[in-house]
Structures are given as structure tokens and as C-alpha cells.
>>> print(open('data-v2.tsv').read())   # TSV, C-alpha atoms
chain	number	residue	atom	x	y	z
A	59	MET	CA	-2.61	-1.60	10.91
A	60	ARG	CA	-3.37	2.11	10.59
A	61	ILE	CA	-1.14	3.63	7.93
A	62	ALA	CA	-0.43	7.33	7.52
A	63	VAL	CA	1.18	8.41	4.25
A	64	ILE	CA	2.63	11.87	4.82
A	65	GLY	CA	3.13	13.65	1.52
A	66	SER	CA	0.82	13.69	-1.51
A	67	GLY	CA	3.29	13.96	-4.36
A	68	ALA	CA	3.96	11.26	-6.95
A	69	ILE	CA	5.18	8.56	-4.56
A	70	GLY	CA	2.82	9.41	-1.69
A	71	ASN	CA	-0.26	9.33	-3.92
A	72	LEU	CA	0.78	6.12	-5.67
A	73	VAL	CA	1.67	4.23	-2.50
A	74	ALA	CA	-1.48	5.38	-0.68
A	75	ALA	CA	-3.67	4.39	-3.64
A	76	TYR	CA	-2.19	0.92	-4.09
A	77	LEU	CA	-2.28	0.08	-0.37
A	78	LYS	CA	-5.88	1.28	-0.15
A	79	LEU	CA	-6.78	-0.88	-3.15
A	80	LYS	CA	-5.45	-3.88	-1.21
A	81	GLY	CA	-7.83	-3.13	1.67
A	82	GLU	CA	-5.40	-1.39	4.00
A	83	ASP	CA	-6.51	1.39	6.39
A	84	VAL	CA	-4.74	4.37	4.79
A	85	PHE	CA	-4.82	8.03	5.81
A	86	LEU	CA	-3.12	10.50	3.47
A	87	VAL	CA	-1.68	13.83	4.58
A	88	GLY	CA	-1.06	16.45	1.89
A	89	ARG	CA	-0.99	20.11	1.00
A	90	PRO	CA	-4.34	21.95	0.87
A	91	ASP	CA	-4.63	21.91	-2.94
A	92	SER	CA	-4.07	18.14	-3.03
A	93	VAL	CA	-6.43	17.53	-0.14
A	94	LYS	CA	-9.21	19.48	-1.84
A	95	ALA	CA	-8.78	17.61	-5.13
A	96	ILE	CA	-8.61	14.16	-3.51
A	97	LYS	CA	-11.62	14.80	-1.27
A	98	GLU	CA	-13.66	15.82	-4.30
A	99	HIS	CA	-12.43	13.36	-6.92
A	100	GLY	CA	-10.18	10.77	-5.25
A	101	ILE	CA	-6.66	9.88	-6.41
A	102	LYS	CA	-6.64	9.36	-10.16
A	103	VAL	CA	-3.96	6.84	-11.15
A	104	ALA	CA	-2.85	6.06	-14.71
A	105	GLY	CA	0.07	4.14	-16.16
A	106	VAL	CA	1.43	0.62	-16.27
A	107	ARG	CA	-1.40	-0.92	-14.20
A	108	GLY	CA	-4.19	0.88	-16.01
A	109	SER	CA	-6.34	3.89	-15.10
A	110	PHE	CA	-8.56	4.01	-12.01
A	111	THR	CA	-9.63	6.21	-9.11
A	112	VAL	CA	-9.13	5.50	-5.40
A	113	HIS	CA	-11.03	7.22	-2.61
A	114	LEU	CA	-9.49	7.40	0.86
A	115	SER	CA	-9.28	9.54	3.99
A	116	VAL	CA	-7.17	12.66	3.48
A	117	SER	CA	-6.33	15.80	5.44
A	118	ASP	CA	-3.83	18.64	5.43
A	119	SER	CA	-2.68	17.61	8.92
A	120	LEU	CA	-2.09	14.35	10.76
A	121	ILE	CA	-5.10	13.75	12.99
A	122	ILE	CA	-4.67	10.04	13.78
A	123	LYS	CA	-2.09	8.06	15.71
A	124	PRO	CA	-0.80	5.58	13.09
A	125	ASP	CA	0.90	2.23	13.57
A	126	LEU	CA	2.98	2.94	10.46
A	127	ALA	CA	3.91	6.34	9.04
A	128	ILE	CA	5.34	6.45	5.52
A	129	LEU	CA	7.24	9.72	5.17
A	130	ALA	CA	6.67	10.58	1.51
A	131	CYS	CA	7.58	14.25	1.87
A	132	LYS	CA	10.84	15.74	0.58
A	133	THR	CA	13.98	15.39	2.68
A	134	GLN	CA	14.02	19.09	3.50
A	135	ASP	CA	10.47	18.81	4.90
A	136	ILE	CA	11.10	15.92	7.33
A	137	ASP	CA	12.30	18.23	10.09
A	138	GLN	CA	9.09	20.30	10.05
A	139	VAL	CA	6.83	17.24	9.70
A	140	LEU	CA	8.34	15.59	12.76
A	141	LYS	CA	8.35	18.79	14.79
A	142	GLU	CA	4.64	19.22	14.14
A	143	ASN	CA	3.60	15.58	14.51
A	144	GLY	CA	6.11	14.04	16.89
A	145	ALA	CA	3.52	13.37	19.60
A	146	LEU	CA	1.38	11.30	17.22
A	147	LEU	CA	4.34	9.48	15.72
A	148	LYS	CA	6.48	8.64	18.75
A	149	GLU	CA	5.18	5.06	18.97
A	150	ALA	CA	4.73	4.47	15.24
A	151	LEU	CA	6.99	2.55	12.91
A	152	ILE	CA	8.51	5.15	10.57
A	153	LEU	CA	9.38	4.35	6.96
A	154	THR	CA	11.52	6.85	5.05
A	155	VAL	CA	11.39	6.84	1.23
A	156	GLN	CA	13.48	9.88	0.33
A	157	ASN	CA	16.38	10.02	-2.10
A	158	GLY	CA	19.87	10.56	-0.73
A	159	ILE	CA	21.22	9.27	2.58
A	160	ARG	CA	20.32	11.91	5.16
A	161	CYS	CA	16.62	11.31	5.79
A	162	ASP	CA	17.09	8.66	8.48
A	163	SER	CA	19.54	10.72	10.53
A	164	ILE	CA	17.11	13.65	10.42
A	165	ALA	CA	14.26	11.43	11.61
A	166	ALA	CA	16.45	10.04	14.39
A	167	GLN	CA	16.72	13.52	15.92
A	168	TYR	CA	13.03	13.26	16.85
A	169	LEU	CA	12.21	9.55	17.09
A	170	PRO	CA	13.79	6.37	18.50
A	171	GLN	CA	16.22	4.76	16.08
A	172	GLU	CA	14.60	1.36	16.57
A	173	ASN	CA	11.34	2.76	15.12
A	174	ILE	CA	12.97	3.95	11.89
A	175	ILE	CA	13.16	1.80	8.76
A	176	SER	CA	14.82	3.09	5.62
A	177	SER	CA	13.73	2.31	2.08
A	178	ILE	CA	14.62	2.77	-1.56
A	179	ILE	CA	11.98	3.26	-4.25
A	180	MET	CA	12.81	1.61	-7.58
A	181	PHE	CA	9.43	2.17	-9.27
A	182	GLY	CA	8.73	5.39	-11.12
A	183	ALA	CA	5.86	7.85	-10.87
A	184	THR	CA	5.01	11.33	-12.11
A	185	TYR	CA	2.85	13.90	-10.34
A	186	LEU	CA	0.70	15.61	-12.97
A	187	GLU	CA	-1.51	17.86	-10.84
A	188	PRO	CA	-3.22	17.63	-7.43
A	189	GLY	CA	-4.76	14.18	-7.12
A	190	HIS	CA	-3.38	12.91	-10.45
A	191	VAL	CA	-0.39	10.57	-10.72
A	192	VAL	CA	1.10	8.40	-13.47
A	193	HIS	CA	2.78	5.11	-12.57
A	194	ASN	CA	5.53	5.12	-15.21
A	195	PHE	CA	7.33	1.84	-14.57
A	196	GLU	CA	7.40	-1.06	-12.15
A	197	GLY	CA	10.16	-1.74	-9.67
A	198	SER	CA	10.89	-3.09	-6.23
A	199	TRP	CA	10.63	-1.48	-2.82
A	200	ILE	CA	13.80	-2.13	-0.82
A	201	ILE	CA	13.70	-1.81	2.97
A	202	GLY	CA	16.36	-2.14	5.66
A	203	ARG	CA	17.79	-0.86	8.90
A	204	ILE	CA	20.31	1.97	8.89
A	205	PHE	CA	20.94	1.92	12.65
A	206	GLN	CA	21.27	-1.83	13.23
A	207	ALA	CA	22.87	-4.68	11.36
A	208	SER	CA	20.39	-7.50	10.95
A	209	PRO	CA	16.72	-7.85	9.92
A	210	ASP	CA	14.13	-8.23	12.69
A	211	GLU	CA	10.47	-9.17	13.10
A	212	LYS	CA	9.23	-5.62	12.41
A	213	LEU	CA	11.17	-5.50	9.17
A	214	VAL	CA	9.77	-8.84	8.02
A	215	ALA	CA	6.20	-7.85	8.93
A	216	LEU	CA	6.58	-4.54	7.07
A	217	SER	CA	7.92	-6.31	3.98
A	218	MET	CA	4.82	-8.51	3.90
A	219	LEU	CA	2.58	-5.44	4.08
A	220	LEU	CA	4.38	-3.43	1.40
A	221	ASP	CA	4.57	-6.47	-0.84
A	222	LYS	CA	0.84	-6.04	-1.42
A	223	ALA	CA	1.65	-2.90	-3.40
A	224	PHE	CA	5.16	-3.53	-4.80
A	225	PRO	CA	7.65	-6.43	-4.70
A	226	THR	CA	9.51	-5.77	-1.45
A	227	ILE	CA	13.09	-6.80	-0.70
A	228	ILE	CA	14.87	-6.76	2.66
A	229	SER	CA	18.44	-5.47	2.47
A	230	GLU	CA	21.17	-6.20	4.99
A	231	ASP	CA	23.22	-3.24	3.72
A	232	ILE	CA	20.77	-0.55	2.73
A	233	ARG	CA	23.32	2.22	3.34
A	234	GLY	CA	25.51	0.91	0.51
A	235	MET	CA	22.42	0.62	-1.68
A	236	LYS	CA	21.33	4.17	-0.90
A	237	TYR	CA	24.73	5.48	-1.99
A	238	LEU	CA	24.32	3.65	-5.29
A	239	LYS	CA	20.76	4.99	-5.65
A	240	ILE	CA	22.24	8.50	-5.65
A	241	PHE	CA	23.77	7.63	-9.03
A	242	VAL	CA	20.37	6.46	-10.34
A	243	ASN	CA	18.95	9.88	-9.44
A	244	ALA	CA	22.01	12.03	-10.18
A	245	ASN	CA	21.16	12.69	-13.82
A	246	ASN	CA	17.61	13.87	-13.09
A	247	CYS	CA	19.14	17.30	-12.64
A	248	LEU	CA	19.98	17.58	-16.35
A	249	ALA	CA	16.38	17.14	-17.46
A	250	ALA	CA	15.35	19.57	-14.71
A	251	ILE	CA	17.84	22.19	-15.90
A	252	LEU	CA	16.41	21.87	-19.42
A	253	GLY	CA	12.78	21.64	-18.26
A	254	VAL	CA	12.04	18.53	-20.33
A	255	SER	CA	11.21	14.86	-19.82
A	256	MET	CA	13.97	12.33	-19.19
A	257	GLN	CA	13.36	10.84	-22.63
A	258	GLU	CA	13.66	14.23	-24.35
A	259	ALA	CA	16.81	15.16	-22.44
A	260	PHE	CA	18.74	11.96	-22.98
A	261	LYS	CA	17.93	11.32	-26.61
A	262	ASP	CA	20.66	13.94	-27.12
A	263	LEU	CA	24.08	12.29	-27.00
A	264	GLU	CA	25.84	15.42	-25.72
A	265	VAL	CA	23.50	15.58	-22.74
A	266	SER	CA	24.00	11.84	-22.19
A	267	ARG	CA	27.74	12.40	-22.26
A	268	ILE	CA	27.37	14.91	-19.43
A	269	SER	CA	25.49	12.18	-17.54
A	270	ILE	CA	28.40	9.78	-17.83
A	271	ALA	CA	30.74	12.51	-16.58
A	272	VAL	CA	28.44	13.11	-13.57
A	273	TRP	CA	28.67	9.42	-12.70
A	274	LYS	CA	32.43	9.26	-13.23
A	275	GLU	CA	33.07	12.24	-11.00
A	276	GLY	CA	30.84	10.85	-8.25
A	277	PHE	CA	32.28	7.34	-8.55
A	278	ASP	CA	35.86	8.63	-8.36
A	279	LEU	CA	34.95	10.59	-5.22
A	280	LEU	CA	33.35	7.63	-3.42
A	281	SER	CA	36.25	5.39	-4.43
A	282	LYS	CA	38.72	7.82	-2.86
A	283	LEU	CA	36.64	7.89	0.31
A	284	GLU	CA	36.31	4.07	0.29
A	285	ILE	CA	32.51	4.30	0.49
A	286	LYS	CA	31.00	0.92	-0.33
A	287	LEU	CA	28.40	0.66	-3.09
A	288	VAL	CA	25.94	-2.25	-3.03
A	289	SER	CA	23.97	-3.43	-6.07
A	290	ILE	CA	20.24	-2.76	-6.16
A	291	PRO	CA	17.62	-4.64	-8.21
A	292	GLY	CA	17.64	-3.34	-11.75
A	293	PHE	CA	20.90	-1.46	-11.25
A	294	PRO	CA	23.96	-3.55	-10.31
A	295	VAL	CA	27.18	-1.76	-9.40
A	296	GLU	CA	28.61	-3.17	-12.64
A	297	ASN	CA	26.33	-0.84	-14.65
A	298	LEU	CA	28.13	2.09	-13.09
A	299	THR	CA	31.66	0.72	-13.35
A	300	LYS	CA	31.24	-0.45	-16.95
A	301	LEU	CA	29.75	2.77	-18.26
A	302	THR	CA	32.26	5.01	-16.47
A	303	SER	CA	35.18	2.96	-17.84
A	304	MET	CA	33.96	2.96	-21.47
A	305	PRO	CA	34.96	5.66	-23.98
A	306	ALA	CA	32.68	8.63	-23.27
A	307	GLN	CA	30.90	8.72	-26.64
A	308	GLU	CA	30.23	4.97	-26.62
A	309	ALA	CA	28.94	5.14	-23.03
A	310	ALA	CA	26.70	8.06	-23.95
A	311	LYS	CA	25.05	6.00	-26.70
A	312	VAL	CA	24.36	3.12	-24.30
A	313	PHE	CA	23.02	5.48	-21.62
A	314	SER	CA	20.81	7.30	-24.14
A	315	GLY	CA	19.31	4.01	-25.32
A	316	ILE	CA	18.44	3.00	-21.75
A	317	MET	CA	16.93	6.32	-20.70
A	318	THR	CA	14.77	6.89	-23.77
A	319	LYS	CA	13.06	3.51	-23.22
A	320	LEU	CA	12.29	3.87	-19.52
A	321	SER	CA	8.62	4.66	-19.94
A	322	SER	CA	6.03	4.95	-22.69
A	323	GLU	CA	4.72	8.05	-20.92
A	324	PRO	CA	6.87	11.19	-20.54
A	325	LEU	CA	8.94	10.68	-17.39
A	326	TYR	CA	9.77	13.73	-15.30
A	327	GLY	CA	12.34	13.22	-12.57
A	328	SER	CA	11.63	14.23	-8.99
A	329	ILE	CA	13.75	17.39	-9.27
A	330	LEU	CA	11.80	18.77	-12.23
A	331	GLN	CA	8.49	17.71	-10.69
A	332	SER	CA	9.30	19.84	-7.63
A	333	ILE	CA	10.30	22.81	-9.78
A	334	LYS	CA	7.08	22.57	-11.80
A	335	ARG	CA	5.12	22.60	-8.53
A	336	GLN	CA	7.17	25.65	-7.43
A	337	ARG	CA	8.67	23.69	-4.54
A	338	ALA	CA	12.31	23.41	-3.51
A	339	SER	CA	13.83	20.27	-5.03
A	340	GLU	CA	16.00	17.60	-3.41
A	341	ILE	CA	19.06	18.55	-5.46
A	342	ASP	CA	21.10	19.24	-2.28
A	343	TYR	CA	20.50	15.64	-1.18
A	344	ILE	CA	21.33	14.04	-4.54
A	345	ASN	CA	24.16	15.69	-6.53
A	346	GLY	CA	24.58	17.90	-3.50
A	347	GLU	CA	25.64	14.83	-1.52
A	348	PHE	CA	28.71	14.54	-3.74
A	349	VAL	CA	29.36	18.25	-3.25
A	350	ASN	CA	29.03	18.02	0.54
A	351	LEU	CA	31.30	14.98	0.80
A	352	ALA	CA	33.92	16.63	-1.40
A	353	ARG	CA	33.81	19.83	0.63
A	354	HIS	CA	34.08	17.95	3.92
A	355	TYR	CA	37.16	16.02	2.79
A	356	LYS	CA	38.69	18.96	0.90
A	357	LEU	CA	38.23	17.32	-2.49
A	358	SER	CA	36.66	18.66	-5.68
A	359	VAL	CA	33.61	17.73	-7.79
A	360	PRO	CA	33.31	20.76	-10.08
A	361	LEU	CA	30.76	19.26	-12.50
A	362	ASN	CA	28.29	18.21	-9.81
A	363	ASN	CA	28.86	21.52	-8.05
A	364	LYS	CA	28.02	23.41	-11.25
A	365	LEU	CA	24.85	21.37	-11.85
A	366	VAL	CA	23.63	21.98	-8.31
A	367	GLU	CA	24.16	25.71	-8.88
A	368	MET	CA	22.24	25.58	-12.16
A	369	VAL	CA	19.26	23.79	-10.59
A	370	HIS	CA	19.13	26.46	-7.89
A	371	GLN	CA	19.23	29.13	-10.60
A	372	VAL	CA	16.23	27.50	-12.29
A	373	GLU	CA	14.39	27.32	-8.97
A	374	ALA	CA	15.02	31.01	-8.32
A	375	SER	CA	14.51	32.43	-11.82
A	376	LYS	CA	11.79	30.02	-13.07
A	377	ARG	CA	13.74	29.99	-16.36
A	378	PHE	CA	15.11	26.79	-17.83
A	379	PHE	CA	18.44	26.65	-19.65
A	380	SER	CA	18.75	25.80	-23.32
A	381	LYS	CA	20.64	22.70	-24.39
A	382	ASP	CA	23.47	24.87	-25.75
A	383	GLU	CA	23.69	26.77	-22.46
A	384	LEU	CA	23.94	23.50	-20.54
A	385	ILE	CA	26.61	22.09	-22.83
A	386	ASN	CA	28.64	25.30	-22.87
A	387	SER	CA	28.44	25.68	-19.08
A	388	THR	CA	29.79	22.18	-18.45
A	389	ARG	CA	32.16	21.59	-21.38
A	390	SER	CA	35.31	22.58	-19.48
A	391	LEU	CA	34.31	20.41	-16.49
A	392	ILE	CA	34.02	17.13	-18.42
A	393	ASN	CA	37.16	15.01	-18.55
>>> encode(input="data-v2.tsv", output="C-alpha cells")
Amino acid sequence: MRIAVIGSGAIGNLVAAYLKLKGEDVFLVGRPDSVKAIKEHGIKVAGVRGSFTVHLSVSDSLIIKPDLAILACKTQDIDQVLKENGALLKEALILTVQNGIRCDSIAAQYLPQENIISSIIMFGATYLEPGHVVHNFEGSWIIGRIFQASPDEKLVALSMLLDKAFPTIISEDIRGMKYLKIFVNANNCLAAILGVSMQEAFKDLEVSRISIAVWKEGFDLLSKLEIKLVSIPGFPVENLTKLTSMPAQEAAKVFSGIMTKLSSEPLYGSILQSIKRQRASEIDYINGEFVNLARHYKLSVPLNNKLVEMVHQVEASKRFFSKDELINSTRSLIN
């Protein structure tokens, strides 16, 4: 199987490297700075599986017709990627890996629904610089169909392939899982607003208390809209319901303890990684999903709305907020 990994950020580099190590035919597509670094030095991987270098084929454009294309670009880039490469991808199996829930519907505007498989990444990685990635923690790779109900032969075959790199699970309700995954990612914005690692951000109990409020606001919204949440490996729905029902200060202590132990290496969420690379982040597809749903149904999520605004301010100004500025800006929005 010829595999094209489109996107050379943290996840794209890590996935391409691990599949190549297992003997797969992998072609990586990235931005010019990444392509130059990888051509010269390979992909340098460090982290939980040790440090090593992987050499593979790489280009700043798709020049092969793959059997499988792993879209490892940001959600906002899918439209352009598929416009530019639709002819080479029209017969390929397409695997989306983006956060949020909109990536598959965007892909379906250009490609047959039956060719699209959705996935959820539960392992963690950090992009350090072009061609350098840290694998922070292990986790599963969940795959499933958004546009049809039951698993099929293509899904099973793909799970066997991906299982060479990460433990792969087939979900019969990946939509419900993707909604829950939004909560896993929803607090990345706080570390991004502060410009620090996840561990540094959430060792502070006041910042962790904001995190609990973010979850509570989002959970209350989805409950009103009767949107089903489905447990994912490592994060059952009960984690969300228990923490959002506990007294805020007690929940903040529990959350802080979890987040500060996620990785022995500094862990930078995807939103901050994009900002550091001077790229637009996926904030509109994470916390922004709560904002969009609330707006559509004429409801209110003022805390998530404020945090989305603050991330966009950081993106535009290149200036991070202080902890006091974050706390003062959100104090009146926390119940």
C-alpha cells in the first residue's frame, strides 16, 4: 500500500516515521522548511520510544497517487489540500486525524463519502522545529465511519495497518467520541493563551479551575442539545461528569494532578504549537465548536467565547497574556 501523509507537523511526522519504521511505503508532504530539513537530516524522533532518525520520501507537493492518504494538516487547510490534490486522491482511502468534528464533512465536499474514514488521535506529540518531533505519551488510534453505521472490510484492513504504529480501535460511534474528544482538547487554549507548557499552565489551581468551568459550560450546552457523548480509551465520559459535578476547587486539584503528570517532557498543545510556528490554530474547531453550536441554537457560552477571542488576540499580536490577565478576564464568566 502506498501511503501519503499530508502535513509535516507533530502528528504527521510521528505517524510517517513510525509507519516507515515498520516497512511501509510512506511519502510525506510538508511545507518547504520541513521538506528541506527532512531531506537533509531525516525525521528526528525523541520521547517515550527512544531517540532515532527516519529517512523517507518527502516533497512540498503530492506527486504520487496513493492508496491511502492520511490528512495530517490542520482542519482549516483541508479545503486547499483537496482542491490542489483532488485528482490524485479521488480513488484513495482518506483518513482524517483532525480535532473537532468538521473535517470529514469538509473532505466529503471533494471526495466520495465511502472513501473517507475518520479517526481520533489519543497519543501525544510535540513539534519542536522542522524535522524534529517529540513523542510525549502513548495512546490509541481510534478509527470509524462518520457517514455509515457499521464497520466494513476497508476499516478492518486499515486498522491492521495502523496497528503497526499505534494500538488501533474500531469505533461504531466515532461521532459521539469526537464530541467527547473536544473536551480533551478544550483546555489547550489556556496554555496557548499563556504561552507555556500544559504542565506549567495547570500546576496553577486558578488556571485549572478555569479548565473545569470550560468543561462545565460545554457539557451543559451539549446536554441541552441532547448531543450524545461516547467514552474514548483513557477518557471515559464519567471523567467529565464527575469533575464537572464536584466542587470547583476540589475538581481543580484533581485536574491539576492529572495534567502535570501527562509527560516527562514539556507538552505543548496543538493550539500553542501552531502559534509558535506562526500558523493559524484550530481554536475555531475546538472551543469554537461550542461557540458555533451555541450561536446556531441561540444559546450562550460566554467563557468559551472569551477564550476563543483571546487565542485570536495572541495569534494577531504575538503577545501572550499573563496569568493575572487570564484570571481577571474570565473571573466574571466562571460560575
>>> closest_atom_pairs(input="data-v2.tsv", of="region 300-323 of chain A", to="region 240-244 of chain A", cutoff="12 Å", atoms="only C-alpha atoms", output="Markdown table")
| residue | atom | partner | partner_atom | distance |
| --- | --- | --- | --- | --- |
| A:Thr302 | CA | A:Phe241 | CA | 11.6 |
| A:Phe313 | CA | A:Val242 | CA | 11.6 |
| A:Met317 | CA | A:Val242 | CA | 10.9 |
>>> closest_residue(input="data-v2.tsv", among="A:Val73, A:Arg107, A:Asn297, A:Leu283", to="Lys222 (chain A)", atoms="all atoms listed in the file")
A:Val73
>>> residues_around(input="data-v2.tsv", residues="Ile228 (chain A)", least_positions_apart="2", cutoff="9 Å", atoms="all atoms listed in the file", output="list in words")
Trp199, Ile200, Ile201, Gly202, Pro209, Leu213, Val214, Ser217, Thr226, Glu230 and Ile232 of chain A
>>> residues_around(input="data-v2.tsv", residues="region 96-105 of chain A", least_positions_apart="2", cutoff="6 Å", atoms="only C-alpha atoms", output="list of chain:residue names")
A:Val93, A:Lys94, A:Arg107, A:Gly108, A:Ser109, A:Phe110, A:Thr111, A:Val112, A:His113, A:Gly189, A:His190, A:Val191, A:Val192, A:His193, A:Asn194
>>> closest_residue(input="data-v2.tsv", among="A:Leu263, A:Gly327, A:Leu320, A:Leu351", to="Ile385 (chain A)", atoms="only C-alpha atoms")
A:Leu263
>>> axis_aligned_box(input="data-v2.tsv", around="region 357-363 of chain A", padding_each_side="8 Å", output="JSON")
{"center_x": 33.3, "center_y": 19.4, "center_z": -7.5, "size_x": 25.9, "size_y": 20.2, "size_z": 26.0}
>>> closest_residue(input="data-v2.tsv", among="A:Leu219, A:Ala145, A:Phe205, A:Ile174", to="Lys78 (chain A)", atoms="all atoms listed in the file")
A:Leu219
>>> closest_residue(input="data-v2.tsv", among="A:Glu211, A:Gln257, A:Thr133, A:Gly346", to="Ile316 (chain A)", atoms="all atoms listed in the file")
A:Gln257
>>> atom_distance(input="data-v2.tsv", atom1="CA of Gly67 (chain A)", atom2="CA of Pro124 (chain A)")
19.8 Å
>>> closest_residue(input="data-v2.tsv", among="A:Asp135, A:Gly144, A:Ser322, A:Ser339", to="Gly182 (chain A)", atoms="all atoms listed in the file")
A:Ser322
>>> atom_distance(input="data-v2.tsv", atom1="CA of Asp118 (chain A)", atom2="CA of Ala183 (chain A)")
21.8 Å
>>> closest_residue(input="data-v2.tsv", among="A:Met218, A:Ala68, A:Ile164, A:Ile128", to="Ser328 (chain A)", atoms="only C-alpha atoms")
A:Ala68
